[in-house]
>>> print(open('start31.cif').read())   # mmCIF, C-alpha atoms and all ligand atoms
data_model
#
loop_
_atom_site.label_atom_id
_atom_site.label_comp_id
_atom_site.auth_asym_id
_atom_site.auth_seq_id
_atom_site.Cartn_x
_atom_site.Cartn_y
_atom_site.Cartn_z
CA MET A 27 -1.86 53.17 23.61
CA THR A 28 -2.56 51.79 27.10
CA ALA A 29 0.01 49.47 28.72
CA LYS A 30 -0.56 45.78 28.20
CA THR A 31 -1.90 43.49 30.93
CA LEU A 32 0.04 40.23 31.17
CA PHE A 33 -1.45 37.22 32.98
CA ILE A 34 1.53 35.23 34.22
CA THR A 35 1.20 31.75 35.70
CA GLY A 36 3.97 30.47 37.98
CA GLY A 37 5.21 34.00 38.70
CA ALA A 38 6.43 33.10 42.19
CA GLY A 39 8.87 30.50 40.84
CA PHE A 40 12.47 30.90 39.76
CA ILE A 41 11.96 32.10 36.17
CA GLY A 42 8.51 33.62 36.70
CA SER A 43 9.74 35.89 39.49
CA ALA A 44 12.70 37.05 37.38
CA LEU A 45 10.26 37.74 34.52
CA ILE A 46 7.95 39.79 36.74
CA ARG A 47 10.83 41.80 38.23
CA TYR A 48 11.91 42.58 34.67
CA LEU A 49 8.41 43.49 33.46
CA ILE A 50 7.71 45.82 36.36
CA THR A 51 11.10 47.57 36.29
CA GLU A 52 11.82 47.62 32.54
CA THR A 53 8.40 47.81 30.83
CA PRO A 54 5.10 49.67 31.35
CA CYS A 55 3.16 46.36 31.56
CA ARG A 56 0.60 45.56 34.23
CA VAL A 57 1.26 42.08 35.66
CA VAL A 58 -1.14 39.56 37.19
CA ASN A 59 0.77 36.77 38.92
CA VAL A 60 -1.31 33.59 39.25
CA ASP A 61 0.49 31.04 41.37
CA LYS A 62 -0.59 28.19 43.65
CA LEU A 63 2.52 28.63 45.82
CA THR A 64 3.75 25.06 45.89
CA TYR A 65 7.04 24.36 47.69
CA ALA A 66 8.75 26.06 44.68
CA GLY A 67 6.76 29.30 44.79
CA ASN A 68 8.12 32.08 46.95
CA LEU A 69 6.67 35.59 47.11
CA GLU A 70 9.85 36.87 48.75
CA SER A 71 11.46 36.66 45.31
CA LEU A 72 9.03 39.44 44.29
CA ALA A 73 9.56 41.73 47.31
CA SER A 74 11.28 44.40 45.21
CA VAL A 75 8.22 44.88 42.95
CA ALA A 76 5.30 43.76 45.14
CA ASP A 77 4.32 47.33 46.06
CA SER A 78 3.96 48.44 42.45
CA GLU A 79 0.40 49.42 41.54
CA ARG A 80 0.99 47.51 38.27
CA TYR A 81 1.50 44.21 40.15
CA HIS A 82 -1.34 41.92 41.29
CA PHE A 83 -1.08 38.53 42.96
CA GLU A 84 -3.71 35.77 42.91
CA ARG A 85 -3.08 32.50 44.74
CA GLU A 86 -4.84 29.95 42.51
CA ASP A 87 -4.28 26.55 40.95
CA ILE A 88 -4.18 26.46 37.13
CA CYS A 89 -6.10 23.15 37.34
CA ASP A 90 -9.11 25.05 38.76
CA ALA A 91 -11.18 25.86 35.66
CA ALA A 92 -13.65 28.14 37.44
CA ALA A 93 -10.84 30.17 39.02
CA MET A 94 -8.99 30.54 35.70
CA THR A 95 -12.17 31.64 33.90
CA ARG A 96 -13.01 34.12 36.66
CA LEU A 97 -9.52 35.64 36.84
CA ILE A 98 -9.13 35.97 33.09
CA ALA A 99 -12.57 37.62 32.83
CA HIS A 100 -11.70 39.96 35.70
CA TYR A 101 -8.27 41.12 34.49
CA ARG A 102 -8.96 40.94 30.71
CA PRO A 103 -5.32 40.26 29.76
CA ASP A 104 -3.67 41.14 26.45
CA ALA A 105 -1.50 38.05 26.78
CA ILE A 106 -0.99 34.98 28.94
CA MET A 107 2.54 33.80 29.70
CA HIS A 108 2.27 30.27 31.06
CA LEU A 109 5.17 29.23 33.29
CA ALA A 110 3.40 27.34 36.11
CA ALA A 111 4.70 23.80 36.24
CA GLU A 112 6.21 21.10 38.35
CA SER A 113 9.79 21.50 37.19
CA HIS A 114 12.19 19.10 38.89
CA VAL A 115 13.19 15.88 37.09
CA ASP A 116 14.12 13.99 40.28
CA ARG A 117 10.72 14.73 41.84
CA SER A 118 9.02 13.58 38.62
CA ILE A 119 10.76 10.23 38.99
CA SER A 120 9.74 9.69 42.62
CA GLY A 121 6.23 11.17 42.23
CA PRO A 122 4.98 11.75 38.67
CA ALA A 123 1.29 12.38 39.48
CA ALA A 124 1.68 16.10 40.25
CA PHE A 125 3.47 16.54 36.90
CA ILE A 126 0.55 15.02 35.01
CA ASP A 127 -1.93 17.16 36.98
CA THR A 128 -0.24 20.54 36.64
CA ASN A 129 1.79 20.27 33.46
CA ILE A 130 -0.78 18.44 31.33
CA ASN A 131 -4.22 18.92 32.89
CA GLY A 132 -3.34 22.39 34.18
CA THR A 133 -2.18 23.50 30.74
CA PHE A 134 -5.35 22.07 29.18
CA THR A 135 -7.52 23.87 31.75
CA LEU A 136 -5.74 27.18 31.21
CA LEU A 137 -5.91 26.80 27.42
CA GLU A 138 -9.66 26.27 27.51
CA ALA A 139 -10.30 29.22 29.85
CA ALA A 140 -8.08 31.40 27.66
CA ARG A 141 -9.73 30.24 24.42
CA GLN A 142 -13.23 31.03 25.72
CA TYR A 143 -12.05 34.52 26.69
CA TRP A 144 -10.32 35.04 23.32
CA ASP A 145 -13.47 33.85 21.48
CA GLY A 146 -15.34 36.70 23.13
CA LEU A 147 -12.82 39.37 22.07
CA ALA A 148 -13.18 41.40 18.89
CA GLY A 149 -11.18 43.58 16.52
CA GLU A 150 -7.73 44.81 17.55
CA ARG A 151 -7.84 43.18 20.99
CA LYS A 152 -8.56 39.77 19.51
CA ALA A 153 -5.90 40.15 16.83
CA ALA A 154 -3.26 41.21 19.36
CA PHE A 155 -3.96 38.51 21.99
CA ARG A 156 -1.22 35.89 22.57
CA PHE A 157 -0.89 32.70 24.65
CA HIS A 158 2.82 32.17 25.26
CA HIS A 159 3.70 28.68 26.50
CA ILE A 160 7.07 28.45 28.25
CA SER A 161 8.73 25.06 27.79
CA THR A 162 12.03 23.24 27.96
CA ASP A 163 14.62 21.75 25.61
CA GLU A 164 14.22 18.47 27.55
CA VAL A 165 11.23 17.63 25.29
CA TYR A 166 13.77 16.76 22.56
CA GLY A 167 15.45 14.08 24.70
CA ASP A 168 19.03 12.88 24.65
CA LEU A 169 21.28 14.56 22.06
CA GLU A 170 24.13 12.86 20.20
CA PRO A 171 27.56 14.54 20.12
CA GLY A 172 27.96 17.09 17.32
CA LEU A 173 24.23 17.85 16.93
CA LEU A 174 22.13 20.76 18.27
CA PHE A 175 18.39 20.92 19.04
CA THR A 176 16.58 22.96 16.39
CA GLU A 177 12.87 23.82 16.29
CA GLU A 178 12.48 20.84 13.88
CA THR A 179 14.10 18.24 16.17
CA PRO A 180 11.55 15.45 16.83
CA TYR A 181 10.22 15.16 20.38
CA ALA A 182 11.68 12.24 22.39
CA PRO A 183 11.25 13.04 26.09
CA SER A 184 12.94 10.73 28.62
CA SER A 185 11.64 11.63 32.09
CA PRO A 186 8.11 12.01 33.48
CA TYR A 187 8.89 15.77 33.70
CA SER A 188 9.93 16.14 30.07
CA ALA A 189 7.12 13.86 28.86
CA SER A 190 4.58 16.02 30.68
CA LYS A 191 6.09 19.20 29.19
CA ALA A 192 6.09 17.59 25.73
CA ALA A 193 2.40 16.73 26.16
CA SER A 194 1.65 20.33 27.11
CA ASP A 195 3.54 21.64 24.05
CA HIS A 196 1.47 19.35 21.83
CA LEU A 197 -1.77 20.58 23.39
CA VAL A 198 -0.78 24.21 22.85
CA ARG A 199 0.19 23.58 19.23
CA ALA A 200 -3.05 21.65 18.61
CA TRP A 201 -5.11 24.57 19.96
CA GLN A 202 -3.53 26.78 17.31
CA ARG A 203 -4.01 24.34 14.46
CA THR A 204 -7.57 23.38 15.45
CA TYR A 205 -9.02 26.60 16.83
CA ASP A 206 -6.68 29.22 15.31
CA PHE A 207 -5.82 30.15 18.89
CA PRO A 208 -2.85 32.58 18.77
CA ILE A 209 -0.01 30.78 20.51
CA LEU A 210 3.76 31.09 20.83
CA ILE A 211 6.03 28.36 22.26
CA THR A 212 9.56 28.73 23.59
CA ASN A 213 11.85 25.83 24.50
CA CYS A 214 14.76 26.88 26.67
CA SER A 215 17.88 25.18 28.00
CA ASN A 216 18.87 24.92 31.70
CA ASN A 217 18.59 28.24 33.51
CA TYR A 218 20.62 29.38 36.51
CA GLY A 219 20.71 32.52 38.64
CA PRO A 220 19.34 34.04 41.86
CA ASN A 221 16.17 32.74 43.60
CA HIS A 222 16.61 29.21 42.21
CA PHE A 223 15.16 26.58 44.55
CA PRO A 224 18.08 24.63 46.08
CA GLU A 225 17.11 21.23 44.71
CA LYS A 226 18.57 22.02 41.26
CA LEU A 227 22.24 21.41 40.49
CA ILE A 228 23.78 24.90 40.78
CA PRO A 229 22.07 26.27 43.94
CA LEU A 230 22.31 22.86 45.64
CA MET A 231 26.06 22.70 45.05
CA ILE A 232 26.66 26.28 46.24
CA LEU A 233 24.70 25.78 49.45
CA ASN A 234 26.09 22.34 50.19
CA ALA A 235 29.64 23.59 49.69
CA LEU A 236 29.10 26.57 52.00
CA ALA A 237 27.71 24.17 54.62
CA GLY A 238 30.59 21.69 54.20
CA LYS A 239 28.21 19.00 52.90
CA ALA A 240 28.89 16.48 50.12
CA LEU A 241 28.46 17.63 46.49
CA PRO A 242 26.56 14.70 44.93
CA ILE A 243 27.45 14.12 41.27
CA TYR A 244 25.13 11.66 39.52
CA GLY A 245 27.06 8.91 37.69
CA ASP A 246 30.37 10.10 36.24
CA GLY A 247 29.38 13.78 35.93
CA GLN A 248 30.04 13.80 32.18
CA GLN A 249 26.43 14.71 31.30
CA ILE A 250 26.23 18.00 29.39
CA ARG A 251 23.77 20.85 29.87
CA ASP A 252 23.62 24.17 27.96
CA TRP A 253 23.40 26.85 30.66
CA LEU A 254 21.59 30.20 30.30
CA TYR A 255 21.47 33.00 32.87
CA VAL A 256 17.85 33.50 33.94
CA ASP A 257 17.72 37.22 33.04
CA ASP A 258 18.77 36.37 29.48
CA HIS A 259 15.86 33.91 29.30
CA VAL A 260 13.50 36.58 30.61
CA ARG A 261 14.60 39.07 27.94
CA ALA A 262 14.09 36.36 25.31
CA LEU A 263 10.56 35.68 26.60
CA TYR A 264 9.57 39.34 26.39
CA CYS A 265 11.14 39.58 22.94
CA VAL A 266 9.17 36.54 21.69
CA LEU A 267 5.94 37.79 23.25
CA SER A 268 6.37 41.23 21.66
CA THR A 269 7.65 40.24 18.21
CA GLY A 270 7.30 36.46 17.73
CA LYS A 271 5.15 35.08 14.92
CA ILE A 272 1.90 33.29 15.85
CA GLY A 273 2.20 29.49 15.86
CA GLU A 274 6.00 29.52 15.91
CA THR A 275 8.38 27.79 18.28
CA TYR A 276 11.62 29.52 19.31
CA ASN A 277 14.51 27.66 20.92
CA ILE A 278 16.42 29.67 23.56
CA GLY A 279 19.91 28.77 24.74
CA GLY A 280 23.19 30.21 25.86
CA HIS A 281 25.74 28.25 23.81
CA ASN A 282 27.32 27.28 27.13
CA GLU A 283 27.74 23.53 26.99
CA LYS A 284 29.37 22.24 30.17
CA THR A 285 29.64 18.85 31.82
CA ASN A 286 28.14 18.69 35.31
CA LEU A 287 31.61 18.04 36.69
CA GLU A 288 32.94 21.21 34.99
CA VAL A 289 30.08 23.23 36.47
CA VAL A 290 30.69 21.95 39.99
CA THR A 291 34.47 22.38 39.87
CA THR A 292 34.02 25.95 38.53
CA LEU A 293 31.61 26.70 41.39
CA CYS A 294 34.22 25.37 43.84
CA GLN A 295 36.86 27.68 42.33
CA ILE A 296 34.57 30.72 42.63
CA LEU A 297 33.76 29.80 46.24
CA GLU A 298 37.50 29.55 47.04
CA GLN A 299 37.70 33.24 46.00
CA LEU A 300 34.45 34.55 47.48
CA ALA A 301 34.16 32.41 50.62
CA PRO A 302 37.72 31.45 51.60
CA ASP A 303 36.74 30.82 55.26
CA LYS A 304 35.60 27.25 54.80
CA PRO A 305 33.59 25.06 57.21
CA ALA A 306 35.67 23.13 59.74
CA GLY A 307 37.42 20.11 58.22
CA VAL A 308 37.13 21.33 54.58
CA ALA A 309 40.57 21.95 53.02
CA ASN A 310 39.25 22.61 49.49
CA TYR A 311 35.61 22.84 48.36
CA VAL A 312 36.38 20.49 45.50
CA ASP A 313 37.18 17.73 48.04
CA LEU A 314 33.44 17.65 48.84
CA ILE A 315 32.63 16.18 45.40
CA THR A 316 31.04 12.74 45.85
CA TYR A 317 29.97 10.43 43.04
CA VAL A 318 26.52 8.93 43.68
CA THR A 319 24.16 6.55 41.87
CA ASP A 320 23.06 7.94 38.52
CA ARG A 321 19.53 9.28 37.88
CA PRO A 322 17.37 6.67 36.07
CA GLY A 323 16.91 7.50 32.38
CA HIS A 324 19.44 10.35 32.69
CA ASP A 325 19.83 12.30 29.42
CA LEU A 326 23.52 12.60 28.53
CA ARG A 327 23.45 15.83 26.58
CA TYR A 328 21.29 18.87 25.78
CA ALA A 329 22.43 21.73 23.52
CA ILE A 330 20.36 24.38 21.77
CA ASP A 331 20.71 25.94 18.34
CA ALA A 332 19.42 29.45 19.15
CA SER A 333 20.01 30.85 15.66
CA LYS A 334 16.30 31.25 14.78
CA ILE A 335 15.50 33.64 17.64
CA GLN A 336 18.74 35.52 17.00
CA ARG A 337 18.17 35.80 13.24
CA GLU A 338 14.42 36.51 13.24
CA LEU A 339 13.92 38.46 16.47
CA GLY A 340 17.42 39.79 17.22
CA TRP A 341 17.77 38.24 20.70
CA GLN A 342 21.08 37.03 22.04
CA PRO A 343 22.35 36.46 25.60
CA VAL A 344 24.35 39.18 27.32
CA GLU A 345 25.85 37.14 30.20
CA THR A 346 28.78 34.80 29.73
CA PHE A 347 28.84 31.65 31.84
CA ASP A 348 31.64 33.13 33.97
CA SER A 349 29.87 36.43 34.63
CA GLY A 350 26.52 34.76 35.29
CA LEU A 351 27.96 32.16 37.63
CA LEU A 352 29.84 34.80 39.61
CA LYS A 353 26.65 36.85 40.08
CA THR A 354 24.80 33.72 41.13
CA VAL A 355 27.32 32.65 43.76
CA GLU A 356 27.46 36.23 45.12
CA TRP A 357 23.66 36.27 45.40
CA TYR A 358 23.55 33.03 47.40
CA ILE A 359 26.31 34.22 49.71
CA ASN A 360 24.43 37.49 50.36
CA ASN A 361 20.87 36.18 50.75
CA ASP A 362 20.85 34.02 53.86
CA ALA A 363 17.29 34.95 54.80
CA TRP A 364 15.79 33.77 51.49
CA ILE A 365 17.75 30.54 51.72
CA GLU A 366 16.83 29.94 55.35
CA ASN A 367 13.14 30.45 54.62
CA VAL A 368 12.90 28.21 51.55
CA SER A 369 14.93 25.50 53.24
CA SER A 370 13.27 25.51 56.67
CA GLY A 371 9.66 25.55 55.49
CA ALA A 372 9.05 28.65 57.64
CA TYR A 373 7.93 30.50 54.54
CA GLN A 374 5.29 27.91 53.63
CA GLN A 375 3.98 27.97 57.23
CA TRP A 376 3.77 31.75 57.10
CA MET A 377 1.83 31.51 53.84
CA GLU A 378 -0.63 29.05 55.33
CA THR A 379 -1.54 31.52 58.08
CA HIS A 380 -1.77 34.52 55.72
CA TYR A 381 -3.61 33.04 52.75
CA ASP A 382 -6.50 30.78 53.71
CA ASP A 383 -7.81 28.77 50.78
P1 LIG B 1 9.77 26.59 39.49
O1 LIG B 1 9.54 25.19 39.94
O2 LIG B 1 10.83 27.41 40.13
O3 LIG B 1 8.42 27.43 39.62
C1 LIG B 1 7.17 26.92 39.24
C2 LIG B 1 6.08 27.84 39.79
O4 LIG B 1 4.81 27.33 39.38
C3 LIG B 1 6.07 27.92 41.33
O5 LIG B 1 5.94 29.26 41.74
C4 LIG B 1 4.85 27.09 41.71
O6 LIG B 1 4.24 27.54 42.92
C5 LIG B 1 3.93 27.31 40.51
N1 LIG B 1 2.96 26.23 40.33
C6 LIG B 1 3.22 24.90 40.31
N2 LIG B 1 2.08 24.23 40.13
C7 LIG B 1 1.08 25.15 39.99
C8 LIG B 1 -0.33 25.07 39.76
N3 LIG B 1 -0.95 23.89 39.64
N4 LIG B 1 -1.02 26.22 39.66
C9 LIG B 1 -0.42 27.43 39.79
N5 LIG B 1 0.90 27.56 40.04
C10 LIG B 1 1.64 26.43 40.13
O7 LIG B 1 9.99 26.50 37.91
P2 LIG B 1 10.93 27.38 36.97
O8 LIG B 1 12.30 26.80 36.98
O9 LIG B 1 10.73 28.81 37.29
O10 LIG B 1 10.29 27.04 35.56
C11 LIG B 1 9.23 27.84 35.02
C12 LIG B 1 8.80 27.27 33.68
O11 LIG B 1 9.91 27.28 32.79
C13 LIG B 1 8.32 25.82 33.76
O12 LIG B 1 7.22 25.68 32.90
C14 LIG B 1 9.52 25.01 33.26
O13 LIG B 1 9.10 23.82 32.64
C15 LIG B 1 10.13 25.98 32.26
N6 LIG B 1 11.59 25.84 32.06
C16 LIG B 1 12.44 25.82 33.12
C17 LIG B 1 13.82 25.73 32.90
C18 LIG B 1 14.81 25.75 34.04
O14 LIG B 1 16.00 25.55 33.81
N7 LIG B 1 14.39 25.99 35.28
C19 LIG B 1 14.32 25.67 31.59
C20 LIG B 1 13.40 25.70 30.52
C21 LIG B 1 12.05 25.81 30.78
P1 LIG B 2 18.97 19.66 37.38
O1 LIG B 2 19.43 20.97 37.96
O2 LIG B 2 18.07 18.80 38.21
O3 LIG B 2 18.29 20.03 35.98
P2 LIG B 2 17.82 19.04 34.78
O4 LIG B 2 17.72 17.65 35.30
O5 LIG B 2 16.49 19.60 34.44
O6 LIG B 2 18.84 19.19 33.68
O7 LIG B 2 20.25 18.81 36.99
C1 LIG B 2 21.23 19.30 36.10
C2 LIG B 2 22.21 18.20 35.85
O8 LIG B 2 22.92 17.94 37.08
C3 LIG B 2 21.58 16.88 35.48
O9 LIG B 2 22.41 16.22 34.53
C4 LIG B 2 21.53 16.09 36.76
C5 LIG B 2 22.77 16.58 37.50
N1 LIG B 2 22.67 16.60 38.97
C6 LIG B 2 23.68 16.00 39.74
O10 LIG B 2 24.66 15.44 39.21
N2 LIG B 2 23.57 16.06 41.10
C7 LIG B 2 22.52 16.66 41.73
O11 LIG B 2 22.47 16.65 42.98
C8 LIG B 2 21.50 17.27 40.93
C9 LIG B 2 20.33 17.95 41.58
C10 LIG B 2 21.62 17.23 39.55
#
>>> encode(input="start31.cif", output="structure tokens")
Amino acid sequence: MTAKTLFITGGAGFIGSALIRYLITETPCRVVNVDKLTYAGNLESLASVADSERYHFEREDICDAAAMTRLIAHYRPDAIMHLAAESHVDRSISGPAAFIDTNINGTFTLLEAARQYWDGLAGERKAAFRFHHISTDEVYGDLEPGLLFTEETPYAPSSPYSASKAASDHLVRAWQRTYDFPILITNCSNNYGPNHFPEKLIPLMILNALAGKALPIYGDGQQIRDWLYVDDHVRALYCVLSTGKIGETYNIGGHNEKTNLEVVTTLCQILEQLAPDKPAGVANYVDLITYVTDRPGHDLRYAIDASKIQRELGWQPVETFDSGLLKTVEWYINNDAWIENVSSGAYQQWMETHYDD
């Protein structure tokens, strides 16, 4: 049997790049990375696999119907894994339009291009085709103490980000019900790990601490997230793509519920060990913690019941929170160039001169 061709949107982002590194190094798959390269997309995260003859990059916008139709017809994928999205809650509050465009209209555009292609397939190829939509546990909204999100939890998104992801999940599910289009959906908890853009909690806190800057905790820091190491998410995605049942949703989580304050104080403890030479004027990293105005509409708690994917597909995480966090802090300490480029904008300027639209 020939190796599968996977059409991956958002492959230059945090999770997409980890997925592509995994697919190229651990599987025989051929990968087509379709990414617009917004501020969050960074091809440097793919440097270790970019020379593989099984890797192809296409700089395109998923909202461009003609481009999606052309690329899908050209590469004739066996599956589409859709990760491209605007992903940061704070940005969705200050500027929701891009979230509606990419997360809702972009998903619709991609779905239609993919459905037309699938309609034209026949036999084994048609039966084996999958559209895997990668989503978030934030679609379920704020969770009361003692409960866990299951695949049956009703949708109740709170932020423009989570509402746009919820809308995209509904579109994907409707395409299955209405057109018999072969979809899979995964809803995952908060990821962390290397190559994470430093606007999200964990990389922001590591970099601010190393620079001696304030560590801004929203509200009282008692909000709870269920953290999963990005490579565990990636393994779950490949597992669902390979063995998941058409039309099903699978929740993915690490059973690592932590308050934001716990996460930040743990990071400070790790930094005391790994980077004891602190910036001038900093006695202890933890002294940099600063309480700031809370995020509007802030969800207090997320926590995933991942028993379905474990029971039905045999996936479970391999990293503990301690081991994953240690690897993450080490990566940020050892990758100055990546950090400098994403923070300074030099990378985006380089891209502009190398990839004319
Ligand atoms: P990210 O912001 O790091 O990366 C998003 C990628 O999508 C970037 O490379 C960006 O250039 C690309 N992109 C954005 N708009 C595009 C467009 N219109 N056309 C083509 N490409 C476009 O995001 P991430 O954290 O890697 O998240 C990936 C997916 O996983 C998202 O769909 C997100 O909702 C979902 N998710 C993320 C988390 C998390 O904790 N980060 C958890 C669960 C689910
Ligand atoms: P974030 O990484 O933005 O992910 P999400 O909002 O998708 O869960 O934030 C994680 C948690 O950390 C969330 O409860 C908001 C909080 N937070 C802070 O307290 N300070 C910060 O500077 C950031 C970015 C987030």
>>> closest_residue(input="start31.cif", among="A:Gly340, A:Pro229, A:Gly307, A:Gly219", to="Lys353 (chain A)", atoms="all atoms listed in the file")
A:Gly219
>>> closest_atom_pairs(input="start31.cif", of="region 257-366 of chain A", to="region 195-211 of chain A", cutoff="9 Å", atoms="all atoms listed in the file", output="Markdown table")
| residue | atom | partner | partner_atom | distance |
| --- | --- | --- | --- | --- |
| A:Val266 | CA | A:Leu210 | CA | 7.7 |
| A:Leu267 | CA | A:Leu210 | CA | 7.4 |
| A:Gly270 | CA | A:Leu210 | CA | 7.1 |
| A:Lys271 | CA | A:Leu210 | CA | 7.3 |
| A:Ile272 | CA | A:Pro208 | CA | 5.6 |
| A:Gly273 | CA | A:Ile209 | CA | 5.3 |
| A:Glu274 | CA | A:Leu210 | CA | 5.6 |
| A:Thr275 | CA | A:Ile211 | CA | 4.7 |
| A:Tyr276 | CA | A:Ile211 | CA | 6.4 |
| A:Asn277 | CA | A:Ile211 | CA | 8.6 |
>>> write_last_selection(input="start31.cif", atoms="C-alpha atoms", output="compact mmCIF listing (two decimals), in the frame of the given file")
# COMPACT_ATOMS: atom_id res chain seq x y z
CA VAL A 266 9.17 36.54 21.69
CA LEU A 267 5.94 37.79 23.25
CA GLY A 270 7.30 36.46 17.73
CA LYS A 271 5.15 35.08 14.92
CA ILE A 272 1.90 33.29 15.85
CA GLY A 273 2.20 29.49 15.86
CA GLU A 274 6.00 29.52 15.91
CA THR A 275 8.38 27.79 18.28
CA TYR A 276 11.62 29.52 19.31
CA ASN A 277 14.51 27.66 20.92
>>> atom_distance(input="start31.cif", atom1="CA of Ile250 (chain A)", atom2="atom C3 of ligand LIG 2 (chain B)")
7.7 Å
>>> residues_around(input="start31.cif", residues="Glu170 (chain A)", least_positions_apart="2", cutoff="10 Å", atoms="all atoms listed in the file", output="list in words")
Gly167, Asp168, Gly172, Leu173, Leu174, Phe175, Leu326, Arg327, Tyr328 and Ala329 of chain A
>>> residues_near_ligand(input="start31.cif", ligand="ligand LIG 1 (chain B)", cutoff="8 Å", atoms="only C-alpha atoms and all ligand atoms", output="PDB file with C-alpha atoms, keeping the file's coordinate frame")
ATOM      1  CA  THR A  35       1.200  31.750  35.700  1.00  0.00           C
ATOM      2  CA  GLY A  36       3.970  30.470  37.980  1.00  0.00           C
ATOM      3  CA  GLY A  37       5.210  34.000  38.700  1.00  0.00           C
ATOM      4  CA  ALA A  38       6.430  33.100  42.190  1.00  0.00           C
ATOM      5  CA  GLY A  39       8.870  30.500  40.840  1.00  0.00           C
ATOM      6  CA  PHE A  40      12.470  30.900  39.760  1.00  0.00           C
ATOM      7  CA  ILE A  41      11.960  32.100  36.170  1.00  0.00           C
ATOM      8  CA  GLY A  42       8.510  33.620  36.700  1.00  0.00           C
ATOM      9  CA  SER A  43       9.740  35.890  39.490  1.00  0.00           C
ATOM     10  CA  VAL A  60      -1.310  33.590  39.250  1.00  0.00           C
ATOM     11  CA  ASP A  61       0.490  31.040  41.370  1.00  0.00           C
ATOM     12  CA  LYS A  62      -0.590  28.190  43.650  1.00  0.00           C
ATOM     13  CA  LEU A  63       2.520  28.630  45.820  1.00  0.00           C
ATOM     14  CA  THR A  64       3.750  25.060  45.890  1.00  0.00           C
ATOM     15  CA  TYR A  65       7.040  24.360  47.690  1.00  0.00           C
ATOM     16  CA  ALA A  66       8.750  26.060  44.680  1.00  0.00           C
ATOM     17  CA  GLY A  67       6.760  29.300  44.790  1.00  0.00           C
ATOM     18  CA  ASN A  68       8.120  32.080  46.950  1.00  0.00           C
ATOM     19  CA  ARG A  85      -3.080  32.500  44.740  1.00  0.00           C
ATOM     20  CA  GLU A  86      -4.840  29.950  42.510  1.00  0.00           C
ATOM     21  CA  ASP A  87      -4.280  26.550  40.950  1.00  0.00           C
ATOM     22  CA  ILE A  88      -4.180  26.460  37.130  1.00  0.00           C
ATOM     23  CA  CYS A  89      -6.100  23.150  37.340  1.00  0.00           C
ATOM     24  CA  HIS A 108       2.270  30.270  31.060  1.00  0.00           C
ATOM     25  CA  LEU A 109       5.170  29.230  33.290  1.00  0.00           C
ATOM     26  CA  ALA A 110       3.400  27.340  36.110  1.00  0.00           C
ATOM     27  CA  ALA A 111       4.700  23.800  36.240  1.00  0.00           C
ATOM     28  CA  GLU A 112       6.210  21.100  38.350  1.00  0.00           C
ATOM     29  CA  SER A 113       9.790  21.500  37.190  1.00  0.00           C
ATOM     30  CA  HIS A 114      12.190  19.100  38.890  1.00  0.00           C
ATOM     31  CA  ASP A 127      -1.930  17.160  36.980  1.00  0.00           C
ATOM     32  CA  THR A 128      -0.240  20.540  36.640  1.00  0.00           C
ATOM     33  CA  ASN A 129       1.790  20.270  33.460  1.00  0.00           C
ATOM     34  CA  GLY A 132      -3.340  22.390  34.180  1.00  0.00           C
ATOM     35  CA  HIS A 159       3.700  28.680  26.500  1.00  0.00           C
ATOM     36  CA  ILE A 160       7.070  28.450  28.250  1.00  0.00           C
ATOM     37  CA  SER A 161       8.730  25.060  27.790  1.00  0.00           C
ATOM     38  CA  THR A 162      12.030  23.240  27.960  1.00  0.00           C
ATOM     39  CA  ASP A 163      14.620  21.750  25.610  1.00  0.00           C
ATOM     40  CA  GLU A 164      14.220  18.470  27.550  1.00  0.00           C
ATOM     41  CA  LYS A 191       6.090  19.200  29.190  1.00  0.00           C
ATOM     42  CA  ASN A 213      11.850  25.830  24.500  1.00  0.00           C
ATOM     43  CA  CYS A 214      14.760  26.880  26.670  1.00  0.00           C
ATOM     44  CA  SER A 215      17.880  25.180  28.000  1.00  0.00           C
ATOM     45  CA  ASN A 216      18.870  24.920  31.700  1.00  0.00           C
ATOM     46  CA  ASN A 217      18.590  28.240  33.510  1.00  0.00           C
ATOM     47  CA  TYR A 218      20.620  29.380  36.510  1.00  0.00           C
ATOM     48  CA  HIS A 222      16.610  29.210  42.210  1.00  0.00           C
ATOM     49  CA  PHE A 223      15.160  26.580  44.550  1.00  0.00           C
TER      50      PHE A 223
END
>>> atom_distance(input="start31.cif", atom1="CA of Met94 (chain A)", atom2="CA of Leu136 (chain A)")
6.5 Å
>>> residues_near_point(input="start31.cif", point="(-10.1, 34.4, 34.2)", cutoff="12 Å", atoms="only C-alpha atoms", output="PyMOL selection string")
chain A and resi 33-35+58+60+84+86-88+90-103+105-106+135-144
>>> closest_residue(input="start31.cif", among="A:Pro322, A:Pro305, A:Gly121, A:Gly238", to="ligand LIG 2 (chain B)", atoms="only C-alpha atoms and all ligand atoms")
A:Pro322
>>> closest_residue(input="start31.cif", among="A:Tyr187, A:Tyr264, A:Phe157, A:Tyr311", to="Arg117 (chain A)", atoms="only C-alpha atoms")
A:Tyr187
>>> atom_distance(input="start31.cif", atom1="CA of Thr354 (chain A)", atom2="CA of Thr292 (chain A)")
12.3 Å
>>> residues_near_ligand(input="start31.cif", ligand="ligand LIG 2 (chain B)", cutoff="8 Å", atoms="all atoms listed in the file", output="VMD selection string")
chain A and resid 113 to 116 164 216 225 to 228 230 to 231 241 to 245 247 249 to 251 286 to 287 320 to 321 324 to 326
>>> residues_around(input="start31.cif", residues="Lys304 (chain A)", least_positions_apart="3", cutoff="10 Å", atoms="only C-alpha atoms", output="ChimeraX atom specification")
/A:235-238,297-298,301,307-311
>>> residues_around(input="start31.cif", residues="region 152-155 of chain A", least_positions_apart="3", cutoff="6 Å", atoms="all atoms listed in the file", output="short mmCIF file (atom, residue, chain, number, x, y, z; two decimals) with C-alpha atoms, in the coordinates of the input")
data_model
loop_
_atom_site.label_atom_id
_atom_site.label_comp_id
_atom_site.auth_asym_id
_atom_site.auth_seq_id
_atom_site.Cartn_x
_atom_site.Cartn_y
_atom_site.Cartn_z
CA ASP A 104 -3.67 41.14 26.45
CA ALA A 105 -1.50 38.05 26.78
CA LEU A 147 -12.82 39.37 22.07
CA ALA A 148 -13.18 41.40 18.89
CA GLY A 149 -11.18 43.58 16.52
#
